[in-house]
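Below is input-v9.txt, which holds compact mmCIF, C-alpha atoms.
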# COMPACT_ATOMS: atom_id res chain seq x y z
CA MET A 575 7.86 23.39 15.22
CA SER A 576 5.09 21.05 14.04
CA PHE A 577 3.95 20.09 10.56
CA ASN A 578 0.72 19.72 8.62
CA VAL A 579 0.51 16.44 6.72
CA LEU A 580 -1.77 15.39 3.84
CA ILE A 581 -2.31 11.66 3.26
CA VAL A 582 -3.83 10.73 -0.11
CA ASP A 583 -5.00 7.14 -0.68
CA ASP A 584 -8.32 5.65 -1.79
CA SER A 585 -7.97 3.06 0.95
CA LYS A 586 -9.18 4.36 4.30
CA SER A 587 -7.25 1.52 5.95
CA VAL A 588 -3.96 2.61 4.40
CA ARG A 589 -4.60 6.24 5.37
CA SER A 590 -5.22 5.12 8.96
CA VAL A 591 -2.05 3.03 9.04
CA ILE A 592 0.11 5.84 7.67
CA LYS A 593 -1.43 8.30 10.13
CA LYS A 594 -0.74 5.88 12.98
CA ILE A 595 2.88 5.39 11.87
CA ILE A 596 3.43 9.15 11.78
CA THR A 597 1.77 9.65 15.16
CA ILE A 598 3.68 6.92 17.01
CA SER A 599 7.00 7.85 15.37
CA GLY A 600 7.04 11.01 17.45
CA PHE A 601 6.90 13.20 14.33
CA ARG A 602 5.58 16.58 15.38
CA MET A 603 2.33 16.63 13.45
CA ASP A 604 -0.10 19.49 13.84
CA GLN A 605 -2.94 18.83 11.37
CA CYS A 606 -3.41 15.60 9.45
CA TYR A 607 -5.62 15.98 6.37
CA GLU A 608 -6.89 12.97 4.42
CA ALA A 609 -8.03 12.66 0.81
CA ALA A 610 -9.29 9.64 -1.14
CA ASN A 611 -7.95 10.82 -4.51
CA GLY A 612 -5.99 13.59 -6.21
CA LYS A 613 -9.05 15.75 -6.76
CA GLN A 614 -9.92 15.80 -3.07
CA ALA A 615 -6.27 16.48 -2.27
CA LEU A 616 -6.20 19.56 -4.54
CA GLU A 617 -9.40 20.84 -2.89
CA ILE A 618 -7.73 20.58 0.51
CA LEU A 619 -4.57 22.25 -0.82
CA SER A 620 -6.63 25.17 -2.14
CA LYS A 621 -7.74 25.93 1.43
CA GLU A 622 -5.07 24.59 3.78
CA TRP A 623 -1.29 24.78 3.98
CA VAL A 624 0.48 21.45 4.26
CA ASP A 625 4.18 20.78 4.82
CA VAL A 626 4.38 17.29 3.32
CA ILE A 627 2.18 15.02 1.20
CA LEU A 628 2.18 11.22 1.27
CA SER A 629 0.26 9.86 -1.71
CA ASP A 630 -0.73 6.66 -3.47
CA LEU A 631 -0.63 6.47 -7.28
CA ASN A 632 -3.51 4.19 -8.23
CA MET A 633 -6.70 6.06 -7.25
CA PRO A 634 -10.07 6.74 -8.90
CA GLU A 635 -11.14 10.16 -10.29
CA MET A 636 -7.63 11.67 -10.22
CA ASN A 637 -4.64 9.40 -9.79
CA GLY A 638 -1.37 10.23 -8.05
CA LEU A 639 0.52 11.06 -11.27
CA GLU A 640 -2.15 13.56 -12.34
CA MET A 641 -2.14 15.10 -8.87
CA LEU A 642 1.66 15.30 -8.84
CA ALA A 643 1.64 17.07 -12.23
CA ALA A 644 -1.02 19.55 -11.04
CA ILE A 645 0.90 20.35 -7.86
CA LYS A 646 4.20 20.83 -9.68
CA ALA A 647 2.49 23.16 -12.16
CA ASP A 648 1.10 25.37 -9.38
CA ILE A 649 3.52 28.05 -8.26
CA HIS A 650 1.96 28.14 -4.77
CA LEU A 651 2.17 24.37 -4.21
CA GLN A 652 5.16 23.15 -6.19
CA LYS A 653 7.61 23.28 -3.28
CA ILE A 654 5.59 21.00 -1.02
CA PRO A 655 7.58 17.75 -0.69
CA ILE A 656 5.69 14.68 -1.94
CA ILE A 657 6.34 11.08 -0.95
CA ILE A 658 4.71 8.50 -3.22
CA ILE A 659 3.63 5.26 -1.52
CA SER A 660 2.54 2.70 -4.09
CA THR A 661 2.32 -0.95 -5.09
CA GLU A 662 3.45 0.07 -8.58
CA SER A 663 7.18 -0.33 -8.20
CA SER A 664 8.72 -0.77 -11.64
CA ASP A 665 11.97 1.13 -12.23
CA GLU A 666 10.29 3.05 -15.06
CA ARG A 667 7.37 4.19 -12.88
CA ARG A 668 9.63 5.03 -9.96
CA ASN A 669 11.98 7.09 -12.16
CA ALA A 670 9.06 8.86 -13.84
CA VAL A 671 7.60 9.84 -10.47
CA LEU A 672 10.94 11.14 -9.19
CA GLU A 673 11.57 13.04 -12.43
CA MET A 674 8.15 14.65 -12.06
CA GLY A 675 9.32 16.06 -8.74
CA ALA A 676 8.34 13.58 -6.01
CA LYS A 677 10.96 13.51 -3.26
CA GLN A 678 10.78 9.81 -2.44
CA PHE A 679 9.12 6.58 -3.50
CA VAL A 680 8.01 3.99 -0.95
CA LYS A 681 6.90 0.56 -2.12
CA LYS A 682 3.84 -1.13 -0.58
CA PRO A 683 3.92 -3.21 1.56
CA PHE A 684 6.00 -0.90 3.71
CA SER A 685 7.52 -1.15 7.15
CA PRO A 686 6.68 1.57 9.68
CA GLU A 687 10.40 2.16 10.20
CA TYR A 688 10.99 2.87 6.53
CA VAL A 689 8.06 5.28 6.21
CA ARG A 690 9.28 7.12 9.29
CA LYS A 691 12.86 7.30 7.95
CA VAL A 692 11.73 8.64 4.58
CA LEU A 693 9.40 11.19 6.17
CA TYR A 694 12.17 12.61 8.36
CA GLU A 695 14.60 12.66 5.43
CA VAL A 696 12.16 14.52 3.22
CA ILE A 697 11.27 17.07 5.85
CA GLY A 698 15.00 17.56 6.53
CA MET A 699 14.98 16.46 10.14
CA GLU A 700 16.74 13.77 12.12
CA ASP A 701 14.25 11.41 13.76
CA GLU A 702 14.46 10.66 17.48
CA THR A 703 15.71 7.10 17.00
CA THR A 704 18.56 8.16 14.72
CA ARG A 705 19.49 11.09 16.96
CA GLU A 706 19.59 8.88 20.07
CA ARG A 707 21.72 6.31 18.23
CA ASN A 708 24.12 8.98 17.00
CA GLU A 709 24.37 10.48 20.49
CA ARG A 710 25.12 7.03 21.94
CA ASP A 711 27.74 6.40 19.25
CA ASN A 712 29.36 9.76 19.88
CA ASP A 713 29.40 9.23 23.65
CA GLY A 714 30.88 5.75 23.25
CA GLY A 715 33.66 6.94 20.99
CA ASP A 716 34.82 9.74 23.28
CA PHE A 717 37.65 8.20 25.30
CA MET B 930 3.29 -21.41 -14.92
CA LYS B 931 5.33 -23.08 -12.17
CA GLU B 932 7.65 -20.08 -12.00
CA MET B 933 4.65 -17.74 -11.88
CA LYS B 934 3.20 -19.74 -8.98
CA GLU B 935 6.45 -19.35 -7.05
CA ILE B 936 6.57 -15.60 -7.70
CA MET B 937 2.91 -15.29 -6.73
CA MET B 938 3.51 -17.25 -3.52
CA ALA B 939 6.42 -14.97 -2.58
CA ALA B 940 4.31 -11.87 -3.26
CA ILE B 941 1.44 -13.21 -1.13
CA PHE B 942 3.70 -14.06 1.81
CA ASP B 943 5.44 -10.69 1.59
CA VAL B 944 2.18 -8.74 1.73
CA VAL B 945 0.13 -10.72 4.24
CA GLU B 946 2.99 -11.25 6.69
CA GLN B 947 4.53 -7.78 6.54
CA MET B 948 1.38 -5.70 6.33
CA PHE B 949 -1.36 -7.82 7.90
CA TYR B 950 0.60 -10.09 10.31
CA VAL B 951 -1.14 -13.19 8.92
CA PHE B 952 0.74 -16.44 8.34
CA LEU B 953 -0.47 -18.79 5.63
CA GLU B 954 0.07 -22.48 4.97
CA PRO B 955 -0.31 -23.69 1.37
CA ILE B 956 -2.95 -26.42 1.03
CA GLY B 957 -2.65 -27.41 -2.61
CA ASP B 958 -5.44 -26.98 -5.13
CA ASP B 959 -8.47 -27.44 -2.86
CA TYR B 960 -11.02 -24.68 -3.31
CA ALA B 961 -12.43 -23.88 0.13
CA ASP B 962 -15.42 -21.76 1.14
CA TYR B 963 -14.75 -18.07 0.89
CA ALA B 964 -16.93 -15.22 2.06
CA MET B 965 -15.61 -12.48 -0.21
CA GLU B 966 -13.39 -11.64 -3.13
CA ALA B 967 -11.42 -8.62 -4.31
CA ALA B 968 -10.14 -8.44 -7.88
CA ILE B 969 -7.81 -6.12 -9.73
CA GLN B 970 -7.05 -5.99 -13.44
CA PHE B 971 -3.66 -5.14 -14.88
CA LYS B 972 -2.43 -4.35 -18.37
CA GLY B 973 0.96 -3.89 -19.95
CA ASP B 974 3.14 -6.49 -21.64
CA LEU B 975 0.95 -8.97 -19.79
CA LYS B 976 -2.78 -8.49 -19.30
CA GLY B 977 -4.94 -10.19 -16.75
CA GLU B 978 -6.57 -10.19 -13.34
CA MET B 979 -5.49 -11.05 -9.83
CA SER B 980 -8.26 -12.01 -7.44
CA VAL B 981 -8.04 -12.67 -3.73
CA LEU B 982 -10.53 -14.85 -1.85
CA VAL B 983 -10.89 -14.63 1.91
CA SER B 984 -13.00 -16.29 4.60
CA ASP B 985 -14.93 -14.02 6.96
CA GLY B 986 -12.75 -14.83 9.97
CA LEU B 987 -9.50 -14.16 8.15
CA ALA B 988 -10.78 -10.87 6.72
CA LYS B 989 -11.65 -9.75 10.25
CA SER B 990 -8.24 -10.83 11.54
CA MET B 991 -6.54 -8.77 8.84
CA VAL B 992 -8.59 -5.68 9.70
CA GLN B 993 -7.84 -6.24 13.39
CA ASN B 994 -4.10 -6.60 12.74
CA LEU B 995 -3.89 -3.68 10.34
CA LEU B 996 -6.08 -1.15 12.12
CA GLY B 997 -6.15 -2.41 15.69
CA LEU B 998 -9.95 -2.66 15.65
CA GLU B 999 -11.87 -5.32 17.57
CA THR B 1000 -14.52 -7.32 15.68
CA GLY B 1001 -17.35 -5.30 17.21
CA GLN B 1002 -15.76 -2.00 16.17
CA MET B 1003 -15.14 -2.80 12.51
CA THR B 1004 -17.62 -1.98 9.77
CA LYS B 1005 -18.38 -3.76 6.48
CA GLU B 1006 -16.57 -0.88 4.77
CA ASP B 1007 -13.42 -1.53 6.86
CA ILE B 1008 -13.47 -5.18 5.78
CA GLU B 1009 -14.10 -4.38 2.11
CA ASP B 1010 -11.42 -1.70 2.07
CA CYS B 1011 -8.89 -4.00 3.71
CA VAL B 1012 -9.52 -6.97 1.35
CA LYS B 1013 -9.31 -4.66 -1.69
CA GLU B 1014 -5.98 -3.35 -0.43
CA VAL B 1015 -4.70 -6.91 0.00
CA ALA B 1016 -5.50 -7.59 -3.68
CA ASN B 1017 -3.91 -4.29 -4.74
CA MET B 1018 -0.69 -4.96 -2.83
CA ILE B 1019 -0.37 -8.59 -3.90
CA CYS B 1020 -0.94 -7.72 -7.55
CA GLY B 1021 1.58 -4.85 -7.49
CA ASN B 1022 4.12 -6.93 -5.58
CA PHE B 1023 3.67 -9.87 -7.97
CA LEU B 1024 4.13 -7.72 -11.10
CA GLY B 1025 7.19 -6.00 -9.60
CA ARG B 1026 8.76 -9.38 -8.85
CA LEU B 1027 7.88 -10.68 -12.32
CA ASP B 1028 9.83 -7.90 -14.00
CA ARG B 1029 10.95 -4.65 -12.38
CA THR B 1030 11.71 -3.10 -15.76
CA ARG B 1031 8.13 -3.34 -17.04
CA THR B 1032 5.37 -0.95 -16.05
CA PHE B 1033 1.80 -2.15 -15.69
CA ASP B 1034 -1.37 -0.12 -15.30
CA LEU B 1035 -3.55 -1.38 -12.47
CA SER B 1036 -7.30 -0.88 -12.16
CA VAL B 1037 -9.02 0.21 -8.97
CA PRO B 1038 -9.86 -3.04 -7.07
CA SER B 1039 -13.45 -4.34 -7.11
CA PHE B 1040 -15.15 -6.26 -4.29
CA SER B 1041 -17.72 -9.09 -4.33
CA GLN B 1042 -19.50 -10.64 -1.37
CA PRO B 1043 -20.15 -13.53 -1.89
CA PRO B 1044 -17.34 -14.15 -4.37
CA ARG B 1045 -18.07 -14.37 -8.09
CA LYS B 1046 -18.74 -17.89 -9.33
CA ALA B 1047 -15.51 -19.90 -9.25
CA VAL B 1048 -14.08 -20.63 -12.68
CA THR B 1049 -11.96 -23.77 -12.78
CA GLY B 1050 -9.52 -24.83 -15.48
CA GLY B 1051 -8.25 -22.48 -18.19
CA ASP B 1052 -5.10 -20.43 -18.17
CA ALA B 1053 -5.08 -19.56 -14.48
CA CYS B 1054 -2.69 -19.90 -11.59
CA ARG B 1055 -4.43 -20.80 -8.33
CA LEU B 1056 -3.04 -20.88 -4.81
CA TYR B 1057 -4.99 -21.82 -1.70
CA PHE B 1058 -3.93 -21.46 1.92
CA ASP B 1059 -5.02 -22.18 5.47
CA SER B 1060 -4.46 -19.84 8.40
CA ASP B 1061 -5.54 -21.29 11.74
CA GLY B 1062 -8.64 -22.85 10.18
CA GLU B 1063 -9.45 -19.80 8.04
CA SER B 1064 -9.12 -19.72 4.26
CA PHE B 1065 -7.20 -17.55 1.80
CA GLY B 1066 -6.96 -18.00 -1.96
CA ALA B 1067 -5.41 -16.14 -4.87
CA ILE B 1068 -6.11 -16.64 -8.56
CA LEU B 1069 -4.13 -15.12 -11.42
CA ARG B 1070 -5.79 -15.15 -14.84
CA LEU B 1071 -3.87 -14.05 -17.92
CA THR B 1072 -5.89 -12.85 -20.86
CA ASN B 1073 -3.20 -12.52 -23.54

Structure translated into C-alpha cells:
Amino acid sequence: MSFNVLIVDDSKSVRSVIKKIITISGFRMDQCYEAANGKQALEILSKEWVDVILSDLNMPEMNGLEMLAAIKADIHLQKIPIIIISTESSDERRNAVLEMGAKQFVKKPFSPEYVRKVLYEVIGMEDETTRERNERDNDGGDF
Amino acid sequence: MKEMKEIMMAAIFDVVEQMFYVFLEPIGDDYADYAMEAAIQFKGDLKGEMSVLVSDGLAKSMVQNLLGLETGQMTKEDIEDCVKEVANMICGNFLGRLDRTRTFDLSVPSFSQPPRKAVTGGDACRLYFDSDGESFGAILRLTN
C-alpha cells in the first residue's frame, strides 16, 4: 500500500526538504502534491485524494489555521490526518491547532528523524527503523 | 537586552546548525558587508522585527546544504526563499524561547537585495558572525 501526500508551505525550499525526508525514509509515497498556501491546498484537495497533509501555519493568502478549519468543516476531507510543521511553537498555538483537529505539531527547525517518526505515527504504521530495532530486541531477548 | 541577546544567539545557533549545517562564530558588533537581507515582523505582547543579513557565499552554502544543489544549479529564487526561511525560523525559535506561553503573530518574510540601509543605535539587539570568511548578522528591533 502506498500513500498520497500533500505538502503545504510557502517556502519551496521547505517543501523540497520535507519531500526529500519522506522519500529517503522509505515511506511508501505514491503521489506527492505541493501547495504554497491553504488556498492552493484546497484546490488540490477538490481534485485529488490525499492520505496525509503536512502543513505550515504562516502562509500568505490562506494560512494554515484557516486551511485546517476549512478541511475540518468539509465532510469529505475532515478525516485526512494533518501534521502542522511551524516555527510558531507557543503552547497556546500548539494546543489550539491540536484542538482544531491536527494530529501532530512539529516545530521548525526539525530533524528528519522526528518528521519521519511523526509521519509514521499519524499514518498508523511502524517505520522500518523502529521495526528493525524491535525485531532485533525481540531476537536478543529470546533465550 | 543582554538576556535577549543570549536567547537570540541560542535561536540562531539552533536554526543554522540543525537546518542549514552552518557553524557561526560571534564577532562582536562589527557590521560587515552583506549581500541580502530577510526581515519578518511579529506582534503580540512584544512587537518588532527580526532581520537576517547574509553574505552571498553564505547564502549559497545554506541553499547547498539544505537542498543539495550546487552553485550552478541554484536560482535567485532558491536563495531568496532559503534566506527568508532562515529569518522565519530564527524569529519563531527566538519568540518560543522568550516565552512559550505567549503567542505571537508573524508576518510573511520580506527580502531585500542589497539589504536596506543599516540603522545603527536605537532599541535594537545586533549580533554578527563569521563562518569561514562569510558573514551572517541578525538584528532584533522592538517597537513597543

Identify all chain B residues at most 9 Å from chain A by counting all atoms listed in the file; ligands do not count. Present them as an MDAnalysis selection string. chainID B and resid 943:945 947:948 992 995:996 1007 1010:1011 1013:1014 1017:1022 1024:1025 1028:1037

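Residues in contact with Gln652 of chain A at up to 12 Å, not including ones fewer than 3 positions away on its chain and judged by all atoms listed in the file, are Leu619, Val624, Asp625, Val626, Ile627, Met641, Leu642, Ala643, Ala644, Ile645, Lys646, Ala647, Asp648, Ile649, Pro655, Ile656, Met674, Gly675, Ala676 and Lys677 of chain A.
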
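Residue nearest Gly957 of chain B within the list B:Phe1040, B:Lys934, B:Ser990, B:Ser980: B:Lys934 [criterion: smallest interatomic distance, all atoms listed in the file].
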
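Considering the residues A:Ile657, A:Leu693, A:Ala609, A:Ile618 and counting only C-alpha atoms, Glu635 of chain A has its shortest atom-to-atom contact with A:Ala609.
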
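The coordinates place atom CA of Met979 of chain B at 5.8 Å from atom CA of Ile1068 of chain B.
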
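Of note, atom CA of His650 of chain A and atom CA of Asn669 of chain A are spaced 24.5 Å apart.
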
Between B:Ala940, B:Phe1065, B:Arg1026, B:Ser1039, single out the one closest to Leu987 of chain B, counting only C-alpha atoms. B:Phe1065

Please determine the residues with any atom at most 12 Å from (-4.3, -22.9, 4.8) (coordinates as given in the file, with all atoms listed in the file counting) and report them as a list in words. Val951, Phe952, Leu953, Glu954, Pro955, Ile956, Gly957, Asp958, Asp959, Tyr960, Ala961, Asp962, Val983, Ser984, Leu987, Leu1056, Tyr1057, Phe1058, Asp1059, Ser1060, Asp1061, Gly1062, Glu1063, Ser1064, Phe1065, Gly1066 and Ala1067 of chain B

Kindly save the residues from that selection, with C-alpha atoms included, as a short mmCIF file (atom, residue, chain, number, x, y, z; two decimals), in the coordinates of the input.
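So the final result, stored in out-v8.cif, reads:
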data_model
loop_
_atom_site.label_atom_id
_atom_site.label_comp_id
_atom_site.auth_asym_id
_atom_site.auth_seq_id
_atom_site.Cartn_x
_atom_site.Cartn_y
_atom_site.Cartn_z
CA VAL B 951 -1.14 -13.19 8.92
CA PHE B 952 0.74 -16.44 8.34
CA LEU B 953 -0.47 -18.79 5.63
CA GLU B 954 0.07 -22.48 4.97
CA PRO B 955 -0.31 -23.69 1.37
CA ILE B 956 -2.95 -26.42 1.03
CA GLY B 957 -2.65 -27.41 -2.61
CA ASP B 958 -5.44 -26.98 -5.13
CA ASP B 959 -8.47 -27.44 -2.86
CA TYR B 960 -11.02 -24.68 -3.31
CA ALA B 961 -12.43 -23.88 0.13
CA ASP B 962 -15.42 -21.76 1.14
CA VAL B 983 -10.89 -14.63 1.91
CA SER B 984 -13.00 -16.29 4.60
CA LEU B 987 -9.50 -14.16 8.15
CA LEU B 1056 -3.04 -20.88 -4.81
CA TYR B 1057 -4.99 -21.82 -1.70
CA PHE B 1058 -3.93 -21.46 1.92
CA ASP B 1059 -5.02 -22.18 5.47
CA SER B 1060 -4.46 -19.84 8.40
CA ASP B 1061 -5.54 -21.29 11.74
CA GLY B 1062 -8.64 -22.85 10.18
CA GLU B 1063 -9.45 -19.80 8.04
CA SER B 1064 -9.12 -19.72 4.26
CA PHE B 1065 -7.20 -17.55 1.80
CA GLY B 1066 -6.96 -18.00 -1.96
CA ALA B 1067 -5.41 -16.14 -4.87
#

Which of these residues is nearest to Pro1038 of chain B, using all atoms listed in the file: B:Glu999, B:Lys976, B:Glu966, B:Cys1054? B:Glu966

Between B:Ala988, B:Val981, B:Leu998, B:Ile1008, single out the one closest to Ile969 of chain B, counting all atoms listed in the file. B:Val981

Expressed in Å to a single decimal, how great is the separation between atom CA of Leu975 of chain B and atom CA of Val1015 of chain B? 20.7 Å

Return as JSON the centre and edge lengths, in Å with one decimal, of the box along x, y and z that encloses every atom of segment 648-662 of chain A in the file, padded by 8 Å per side.
{"center_x": 4.4, "center_y": 13.6, "center_z": -5.0, "size_x": 22.5, "size_y": 45.1, "size_z": 24.7}

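Nearest residue to Arg690 of chain A among A:Asn637, A:Gln614, A:Ser599, A:Ser620 is A:Ser599, counting all atoms listed in the file.
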